[in-house]
Every structure is written in structure tokens, then in C-alpha cells.
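A.B. asks: Okay, so here is input-v1.txt, and as you'll see once you scroll down, it has compact mmCIF, C-alpha atoms.
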# COMPACT_ATOMS: atom_id res chain seq x y z
CA MET A 1 129.33 126.39 294.66
CA TYR A 2 129.61 129.13 292.00
CA HIS A 3 132.55 131.48 291.61
CA ILE A 4 132.78 134.66 289.60
CA GLN A 5 135.70 135.58 287.37
CA PRO A 6 136.52 138.44 285.03
CA MET A 7 135.31 137.90 281.47
CA THR A 8 137.97 136.52 279.12
CA LEU A 9 137.91 136.59 275.33
CA GLU A 10 137.59 132.80 275.18
CA THR A 11 134.65 132.81 277.60
CA ALA A 12 132.92 135.69 275.79
CA LYS A 13 133.17 133.82 272.49
CA GLU A 14 131.66 130.73 274.12
CA ILE A 15 128.74 132.74 275.54
CA GLN A 16 128.09 134.14 272.06
CA THR A 17 127.39 130.59 270.85
CA TRP A 18 124.69 129.87 273.45
CA THR A 19 121.34 129.34 271.78
CA TYR A 20 118.12 129.45 273.77
CA THR A 21 114.93 127.73 272.60
CA GLU A 22 111.69 129.63 272.05
CA PRO A 23 110.36 131.71 273.61
CA TYR A 24 113.71 132.43 275.29
CA SER A 25 115.61 132.94 272.01
CA LEU A 26 115.64 136.70 272.60
CA TYR A 27 118.31 136.01 275.25
CA SER A 28 120.66 134.48 272.66
CA PHE A 29 123.65 136.61 271.66
CA SER A 30 124.76 137.02 268.08
CA GLU A 31 128.34 136.30 267.12
CA ASP A 32 128.79 139.85 265.79
CA GLU A 33 131.98 141.73 266.63
CA GLU A 34 129.98 144.51 268.39
CA VAL A 35 128.48 141.94 270.75
CA LEU A 36 131.93 140.54 271.52
CA GLU A 37 133.18 144.06 272.24
CA GLU A 38 130.32 144.60 274.70
CA LEU A 39 131.00 141.28 276.43
CA MET A 40 134.63 142.41 276.83
CA ASP A 41 133.98 146.04 277.85
CA GLY A 42 134.39 145.34 281.58
CA SER A 43 130.68 145.27 282.42
CA TYR A 44 130.41 141.45 282.22
CA VAL A 45 131.73 138.73 284.52
CA SER A 46 131.58 134.97 284.05
CA VAL A 47 130.16 132.51 286.58
CA TRP A 48 131.64 129.06 286.98
CA ASN A 49 130.50 125.86 288.64
CA GLY A 50 133.82 124.15 289.19
CA ARG A 51 135.50 124.14 285.79
CA LYS A 52 132.25 124.52 283.85
CA LEU A 53 131.04 127.88 282.53
CA PHE A 54 127.60 128.25 284.09
CA GLY A 55 126.51 131.81 283.34
CA TYR A 56 127.29 135.50 283.43
CA PHE A 57 126.29 138.75 285.06
CA CYS A 58 126.47 142.23 283.57
CA PHE A 59 126.16 145.63 285.17
CA GLY A 60 125.19 149.17 284.22
CA LYS A 61 124.19 150.13 280.70
CA SER A 62 124.78 146.61 279.36
CA ALA A 63 122.01 145.32 281.63
CA ARG A 64 119.37 147.65 280.22
CA VAL A 65 116.86 146.85 277.47
CA PRO A 66 116.97 149.56 274.76
CA SER A 67 113.25 150.44 274.65
CA GLY A 68 113.26 150.94 278.41
CA HIS A 69 115.09 154.23 277.92
CA ASP A 70 112.29 155.59 275.73
CA ALA A 71 109.75 154.40 278.31
CA GLY A 72 111.62 156.29 281.05
CA VAL A 73 112.10 153.25 283.30
CA TYR A 74 115.83 153.85 283.85
CA GLU A 75 115.63 157.44 285.10
CA GLU A 76 116.15 156.56 288.77
CA ASP A 77 119.85 156.13 289.54
CA LEU A 78 120.07 152.45 290.51
CA LEU A 79 122.53 149.66 289.78
CA ASP A 80 121.25 147.70 286.78
CA ILE A 81 122.11 144.02 286.60
CA GLY A 82 121.58 141.45 283.90
CA LEU A 83 122.24 137.74 284.02
CA GLY A 84 122.17 134.62 281.97
CA ILE A 85 122.49 130.90 282.67
CA HIS A 86 123.87 128.40 280.16
CA PRO A 87 120.94 127.07 278.09
CA ASP A 88 121.62 123.48 279.24
CA GLU A 89 121.24 124.53 282.89
CA ILE A 90 117.93 126.39 282.67
CA GLY A 91 114.98 124.97 284.57
CA LYS A 92 117.04 122.77 286.88
CA GLY A 93 116.46 124.71 290.11
CA ASN A 94 119.78 126.55 290.14
CA GLY A 95 118.40 130.07 289.74
CA LYS A 96 118.16 130.98 293.41
CA LEU A 97 121.77 130.11 294.28
CA PHE A 98 123.00 131.66 291.03
CA LEU A 99 121.17 134.93 291.75
CA ARG A 100 122.34 134.99 295.36
CA THR A 101 125.93 134.54 294.18
CA GLY A 102 125.51 137.53 291.90
CA LEU A 103 123.86 139.66 294.58
CA GLN A 104 126.73 138.91 296.98
CA TYR A 105 129.18 139.94 294.26
CA VAL A 106 127.23 143.17 293.72
CA ILE A 107 127.51 144.06 297.41
CA GLU A 108 131.25 143.29 297.44
CA GLN A 109 131.94 145.32 294.28
CA PHE A 110 129.42 148.16 294.42
CA GLY A 111 128.33 148.38 298.06
CA GLU A 112 124.77 148.20 299.28
CA LYS A 113 122.91 149.89 296.43
CA ASP A 114 119.36 149.39 295.26
CA ILE A 115 119.35 146.99 292.30
CA ARG A 116 117.22 147.00 289.16
CA LEU A 117 116.76 144.33 286.51
CA SER A 118 114.59 143.95 283.44
CA VAL A 119 112.98 140.62 282.60
CA ALA A 120 110.73 139.52 279.74
CA SER A 121 107.18 139.31 281.10
CA PHE A 122 106.72 135.76 279.79
CA ASN A 123 109.76 134.54 281.75
CA ILE A 124 107.72 133.38 284.73
CA ARG A 125 110.45 131.09 286.09
CA ALA A 126 112.94 133.93 286.37
CA ARG A 127 110.38 136.37 287.75
CA LYS A 128 109.50 133.93 290.55
CA VAL A 129 113.18 133.60 291.50
CA TYR A 130 113.59 137.38 291.53
CA GLU A 131 110.44 137.89 293.61
CA ARG A 132 111.60 135.31 296.18
CA GLU A 133 114.83 137.28 296.52
CA GLY A 134 113.00 140.52 297.24
CA PHE A 135 112.61 142.11 293.81
CA VAL A 136 109.34 143.94 293.18
CA VAL A 137 107.85 144.99 289.83
CA TYR A 138 107.90 148.78 289.50
CA HIS A 139 107.43 149.39 285.78
CA SER A 140 106.67 147.63 282.55
CA PHE A 141 107.35 148.52 278.92
CA VAL A 142 107.41 146.92 275.48
CA ASN A 143 110.73 146.36 273.75
CA ARG A 144 110.16 146.92 270.04
CA THR A 145 112.53 145.60 267.42
CA GLN A 146 112.13 145.22 263.66
CA SER A 147 110.73 141.73 264.14
CA SER A 148 109.03 141.67 267.55
CA LYS A 149 107.31 143.41 270.42
CA VAL A 150 108.15 141.87 273.80
CA PRO A 151 106.73 143.14 277.11
CA PHE A 152 109.25 143.53 279.94
CA GLU A 153 108.93 144.05 283.68
CA VAL A 154 111.38 146.26 285.56
CA MET A 155 112.01 144.86 289.02
CA ILE A 156 113.81 146.59 291.88
CA LYS A 157 115.34 145.22 295.05
CA ARG A 158 115.66 147.92 297.69
CA ILE A 159 118.64 147.48 299.98
CA GLU A 160 118.06 148.87 303.44
CA ASN A 161 121.14 150.65 304.78
Now, as a test, write the supplied structure out as C-alpha cells.
C.D. replies:
Amino acid sequence: MYHIQPMTLETAKEIQTWTYTEPYSLYSFSEDEEVLEELMDGSYVSVWNGRKLFGYFCFGKSARVPSGHDAGVYEEDLLDIGLGIHPDEIGKGNGKLFLRTGLQYVIEQFGEKDIRLSVASFNIRARKVYEREGFVVYHSFVNRTQSSKVPFEVMIKRIEN
């Protein structure tokens, strides 16, 4: 159903325009040049449903929440993943298949490595999807910015070799 493609400049610019409603607005990207550079740095891929842009995955440093470093939650050497679904597609029951598509891609590209992701604690829908796919909460921390303090959970999926 979904297929993954390398990130293109056109797709990255479209993702920058996605606006999530509260309380999910923290997942919205800005249209700053630095954000575009990150989207194009090779750590992001786009996810398509037919000809429609459906979401993205990112890997490594791009998938980490800044305050998590200070909290020491990224010290273990695991593969970090991040993901986002188009705002119009959220809450429609597509999360499980979307996540499974990304996990299959991870195995194909990186091998069978343990996977870590960080999710805002209030994002119950996403956390339930992650838990059903074998992710377990290992740490929590608060991401502090100039305007907010948002608790996050760090979840890990152990891959048995």
C-alpha cells in the first residue's frame, strides 16, 4: 500500500507546509532554510500512498529530540527513527501499516538493529500503535524550549537476532 522514496526538494518543501492542530502543533515544521537543509540531508525519506504524499521517516540524529541528549536518553547505541503522517491522514487508522512499512524499510536498509523513538507523552494514539508493534517505554524526559515544556517518552523495540 505505501512505498518509500528518497526525499526530493519538492517533497521536502511540501512537508514544511504541513500544519498540525493543537496539541500536535509541535510536530509542525517551520519553513526556515535550516529545516529544509535537514529534510534534504539524506536522513529523511518520503512515504507515498499511490501518488499522494502520505508521510515521512527520518533516521539517526534527525530523529532525536534535543533535550533528550541532556537527559542522557540517547547514550545507548541504537537506531533512532522519527516519523510523521500528513495532518489530513491522522486518526484514520493508518498508523499500524505506516509504521510496519517503515520498520520493514529499516530492516532492509540498516539490518536487524534495536530501534528507538521519542514520542510526546500526550500523543496517546501514537504510543498505542508503537506499543502494539513491540516498542516499550524505557525513559522519559522533558523537552524545554523558550515557550514550552513537553514531556516525552523514549520507546525501544528490541530486535532478536
A.B. asks: Please, what distance in Å, to one decimal, runs between CA of Leu103 in chain A and CA of Tyr44 in chain A?
C.D. replies: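 Straight-line distance from CA of Leu103 in chain A to CA of Tyr44 in chain A works out to 14.1 Å.
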A.B. asks: Could you please determine the separation between CA of Asn49 in chain A and CA of Arg116 in chain A in Å, to one decimal place?
C.D. replies: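 Computing the Euclidean distance for CA of Asn49 in chain A and CA of Arg116 in chain A yields 25.0 Å.
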A.B. asks: Pull the closest atom pair for each residue of range 81-149 of chain A that gets at most 7 Å from range 59-68 of chain A, along with the distance in Å to one decimal, counting only C-alpha atoms, ordering rows by chain and then ascending residue number, as CSV.
C.D. replies:
residue,atom,partner,partner_atom,distance
A:Ile81,CA,A:Phe59,CA,4.6
A:Gly82,CA,A:Ala63,CA,4.5
A:Ser118,CA,A:Arg64,CA,6.8
A:Phe141,CA,A:Gly68,CA,6.4
A:Val142,CA,A:Ser67,CA,6.9
A:Asn143,CA,A:Ser67,CA,4.9
A:Arg144,CA,A:Ser67,CA,6.6
A.B. asks: When you count all atoms listed in the file, which of these residues is closest to Cys58 in chain A: A:Pro6, A:Gly134, A:Pro23, A:Gly93?
C.D. replies: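 So, comparing all the options, the nearest one is A:Pro6.
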A.B. asks: Edge lengths and centre in Å to one decimal, as JSON, of the axis-aligned box that encloses all listed atoms of range 69-77 of chain A with 4 Å added on every side?
C.D. replies:
{"center_x": 114.8, "center_y": 155.3, "center_z": 282.6, "size_x": 18.1, "size_y": 12.2, "size_z": 21.8}
A.B. asks: Just want the 9 Å neighbourhood of Met40 in chain A, counted on only C-alpha atoms, with same-chain residues fewer than 6 positions away dropped. Output as a ChimeraX atom specification.
C.D. replies: /A:7-9,12
A.B. asks: Could I see range 56-80 of chain A restored to N, CA and C atoms, set down as a PDB file, keeping the file's coordinate frame?
C.D. replies:
ATOM      1  N   TYR A  56     126.633 134.194 283.396  1.00  0.00           N
ATOM      2  CA  TYR A  56     127.290 135.500 283.430  1.00  0.00           C
ATOM      3  C   TYR A  56     126.387 136.499 284.140  1.00  0.00           C
ATOM      4  N   PHE A  57     126.996 137.573 284.584  1.00  0.00           N
ATOM      5  CA  PHE A  57     126.290 138.750 285.060  1.00  0.00           C
ATOM      6  C   PHE A  57     126.845 139.949 284.309  1.00  0.00           C
ATOM      7  N   CYS A  58     126.007 140.960 284.117  1.00  0.00           N
ATOM      8  CA  CYS A  58     126.470 142.230 283.570  1.00  0.00           C
ATOM      9  C   CYS A  58     125.882 143.352 284.411  1.00  0.00           C
ATOM     10  N   PHE A  59     126.517 144.509 284.313  1.00  0.00           N
ATOM     11  CA  PHE A  59     126.160 145.630 285.170  1.00  0.00           C
ATOM     12  C   PHE A  59     126.108 146.924 284.374  1.00  0.00           C
ATOM     13  N   GLY A  60     125.271 147.857 284.857  1.00  0.00           N
ATOM     14  CA  GLY A  60     125.190 149.170 284.220  1.00  0.00           C
ATOM     15  C   GLY A  60     124.419 149.150 282.924  1.00  0.00           C
ATOM     16  N   LYS A  61     124.886 149.947 281.975  1.00  0.00           N
ATOM     17  CA  LYS A  61     124.190 150.130 280.700  1.00  0.00           C
ATOM     18  C   LYS A  61     123.968 148.816 279.955  1.00  0.00           C
ATOM     19  N   SER A  62     124.906 147.897 280.053  1.00  0.00           N
ATOM     20  CA  SER A  62     124.780 146.610 279.360  1.00  0.00           C
ATOM     21  C   SER A  62     123.590 145.793 279.849  1.00  0.00           C
ATOM     22  N   ALA A  63     123.119 146.078 281.054  1.00  0.00           N
ATOM     23  CA  ALA A  63     122.010 145.320 281.630  1.00  0.00           C
ATOM     24  C   ALA A  63     120.645 145.894 281.269  1.00  0.00           C
ATOM     25  N   ARG A  64     120.631 146.992 280.557  1.00  0.00           N
ATOM     26  CA  ARG A  64     119.370 147.650 280.220  1.00  0.00           C
ATOM     27  C   ARG A  64     118.841 147.219 278.860  1.00  0.00           C
ATOM     28  N   VAL A  65     117.528 147.181 278.734  1.00  0.00           N
ATOM     29  CA  VAL A  65     116.860 146.850 277.470  1.00  0.00           C
ATOM     30  C   VAL A  65     116.625 148.176 276.734  1.00  0.00           C
ATOM     31  N   PRO A  66     117.018 148.276 275.465  1.00  0.00           N
ATOM     32  CA  PRO A  66     116.970 149.560 274.760  1.00  0.00           C
ATOM     33  C   PRO A  66     115.660 150.332 274.850  1.00  0.00           C
ATOM     34  N   SER A  67     114.526 149.713 274.637  1.00  0.00           N
ATOM     35  CA  SER A  67     113.250 150.440 274.650  1.00  0.00           C
ATOM     36  C   SER A  67     112.887 150.964 276.036  1.00  0.00           C
ATOM     37  N   GLY A  68     113.516 150.449 277.060  1.00  0.00           N
ATOM     38  CA  GLY A  68     113.260 150.940 278.410  1.00  0.00           C
ATOM     39  C   GLY A  68     113.661 152.391 278.591  1.00  0.00           C
ATOM     40  N   HIS A  69     114.672 152.825 277.852  1.00  0.00           N
ATOM     41  CA  HIS A  69     115.090 154.230 277.920  1.00  0.00           C
ATOM     42  C   HIS A  69     113.970 155.143 277.431  1.00  0.00           C
ATOM     43  N   ASP A  70     113.381 154.782 276.289  1.00  0.00           N
ATOM     44  CA  ASP A  70     112.290 155.590 275.730  1.00  0.00           C
ATOM     45  C   ASP A  70     111.082 155.592 276.657  1.00  0.00           C
ATOM     46  N   ALA A  71     110.878 154.498 277.383  1.00  0.00           N
ATOM     47  CA  ALA A  71     109.750 154.400 278.310  1.00  0.00           C
ATOM     48  C   ALA A  71     110.032 155.100 279.640  1.00  0.00           C
ATOM     49  N   GLY A  72     111.270 155.558 279.837  1.00  0.00           N
ATOM     50  CA  GLY A  72     111.620 156.290 281.050  1.00  0.00           C
ATOM     51  C   GLY A  72     111.799 155.428 282.291  1.00  0.00           C
ATOM     52  N   VAL A  73     112.017 154.127 282.128  1.00  0.00           N
ATOM     53  CA  VAL A  73     112.100 153.250 283.300  1.00  0.00           C
ATOM     54  C   VAL A  73     113.476 153.251 283.953  1.00  0.00           C
ATOM     55  N   TYR A  74     114.470 153.856 283.304  1.00  0.00           N
ATOM     56  CA  TYR A  74     115.830 153.850 283.850  1.00  0.00           C
ATOM     57  C   TYR A  74     116.247 155.219 284.391  1.00  0.00           C
ATOM     58  N   GLU A  75     115.286 156.091 284.649  1.00  0.00           N
ATOM     59  CA  GLU A  75     115.630 157.440 285.100  1.00  0.00           C
ATOM     60  C   GLU A  75     116.177 157.460 286.519  1.00  0.00           C
ATOM     61  N   GLU A  76     115.642 156.612 287.398  1.00  0.00           N
ATOM     62  CA  GLU A  76     116.150 156.560 288.770  1.00  0.00           C
ATOM     63  C   GLU A  76     117.551 155.963 288.753  1.00  0.00           C
ATOM     64  N   ASP A  77     118.460 156.563 289.523  1.00  0.00           N
ATOM     65  CA  ASP A  77     119.850 156.130 289.540  1.00  0.00           C
ATOM     66  C   ASP A  77     120.008 154.889 290.426  1.00  0.00           C
ATOM     67  N   LEU A  78     119.912 153.717 289.817  1.00  0.00           N
ATOM     68  CA  LEU A  78     120.070 152.450 290.510  1.00  0.00           C
ATOM     69  C   LEU A  78     121.130 151.626 289.794  1.00  0.00           C
ATOM     70  N   LEU A  79     121.581 150.565 290.424  1.00  0.00           N
ATOM     71  CA  LEU A  79     122.530 149.660 289.780  1.00  0.00           C
ATOM     72  C   LEU A  79     121.738 148.643 288.968  1.00  0.00           C
ATOM     73  N   ASP A  80     121.920 148.666 287.661  1.00  0.00           N
ATOM     74  CA  ASP A  80     121.250 147.700 286.780  1.00  0.00           C
ATOM     75  C   ASP A  80     122.095 146.444 286.695  1.00  0.00           C
TER      76      ASP A  80
END
